[in-house]
Amino acid sequence: MTRIIKTTQGTAAFVQTEEFADEADAEVGEKPEVSKVNINEIKIENIKWKQKQ
């Protein structure tokens with residue numbers, strides 16, 4: 001059976017919320033204590049199918 005590769009390209013609109021222990025950690029922006037992402041919209045712009053060689 002032939003294997004198929006599907007490639008989907010698009011854009012997304014999202015809101016990312018991060019909670020840090022203090023202002024110094026927030027300025028660096030690494031290792032948040034809590035991180036949440038809400039995806040508002042996904043727009044698929046292109047889908048390609050091809051057989052795996």
# chains A, B, ... in the order shown; residues from 1 in each chain; ligands from 1
$ select_by_dssp --residues "chain A" --states "strand (DSSP E)" --output "VMD selection string"
chain A and resid 4 to 19 34 to 51
$ select_by_dssp --residues "chain A" --states "helix (DSSP H, G or I)" --output "PyMOL selection string"
chain A and resi 23-28
$ residues_around --residues "segment 16-26 of chain A" --least-positions-apart "5" --cutoff "12 Å" --atoms "only C-alpha atoms" --output "list in words"
Lys31, Pro32, Glu33, Val34, Ser35, Lys36, Val37, Asn38, Ile39 and Asn40 of chain A
$ write_last_selection --atoms "C-alpha atoms" --output "PDB file, in the first residue's frame"
ATOM      1  CA  LYS A  31       9.911  29.082  32.750  1.00  0.00           C
ATOM      2  CA  PRO A  32       6.444  30.379  33.630  1.00  0.00           C
ATOM      3  CA  GLU A  33       4.693  28.701  36.554  1.00  0.00           C
ATOM      4  CA  VAL A  34       1.406  28.520  34.612  1.00  0.00           C
ATOM      5  CA  SER A  35       0.961  28.777  30.852  1.00  0.00           C
ATOM      6  CA  LYS A  36      -2.336  28.673  28.947  1.00  0.00           C
ATOM      7  CA  VAL A  37      -3.074  29.052  25.231  1.00  0.00           C
ATOM      8  CA  ASN A  38      -6.540  29.737  23.812  1.00  0.00           C
ATOM      9  CA  ILE A  39      -6.868  29.227  20.051  1.00  0.00           C
ATOM     10  CA  ASN A  40      -9.425  31.688  18.673  1.00  0.00           C
TER      11      ASN A  40
END
$ residues_around --residues "Ile4 of chain A" --least-positions-apart "4" --cutoff "7 Å" --atoms "only C-alpha atoms" --output "PyMOL selection string"
chain A and resi 49-52
$ write_last_selection --atoms "C-alpha atoms" --output "tab-separated table (two decimals), in the first residue's frame"
chain	number	residue	atom	x	y	z
A	49	TRP	CA	-0.91	15.48	-0.84
A	50	LYS	CA	1.93	13.44	-2.29
A	51	GLN	CA	3.08	9.86	-2.42
A	52	LYS	CA	6.06	8.97	-0.28
$ atom_distance --atom1 "atom CA of Asn46 of chain A" --atom2 "atom CA of Gly10 of chain A"
6.6 Å
$ atom_distance --atom1 "atom CA of Thr8 of chain A" --atom2 "atom CA of Glu30 of chain A"
29.7 Å
$ atom_distance --atom1 "atom CA of Lys43 of chain A" --atom2 "atom CA of Thr7 of chain A"
14.2 Å
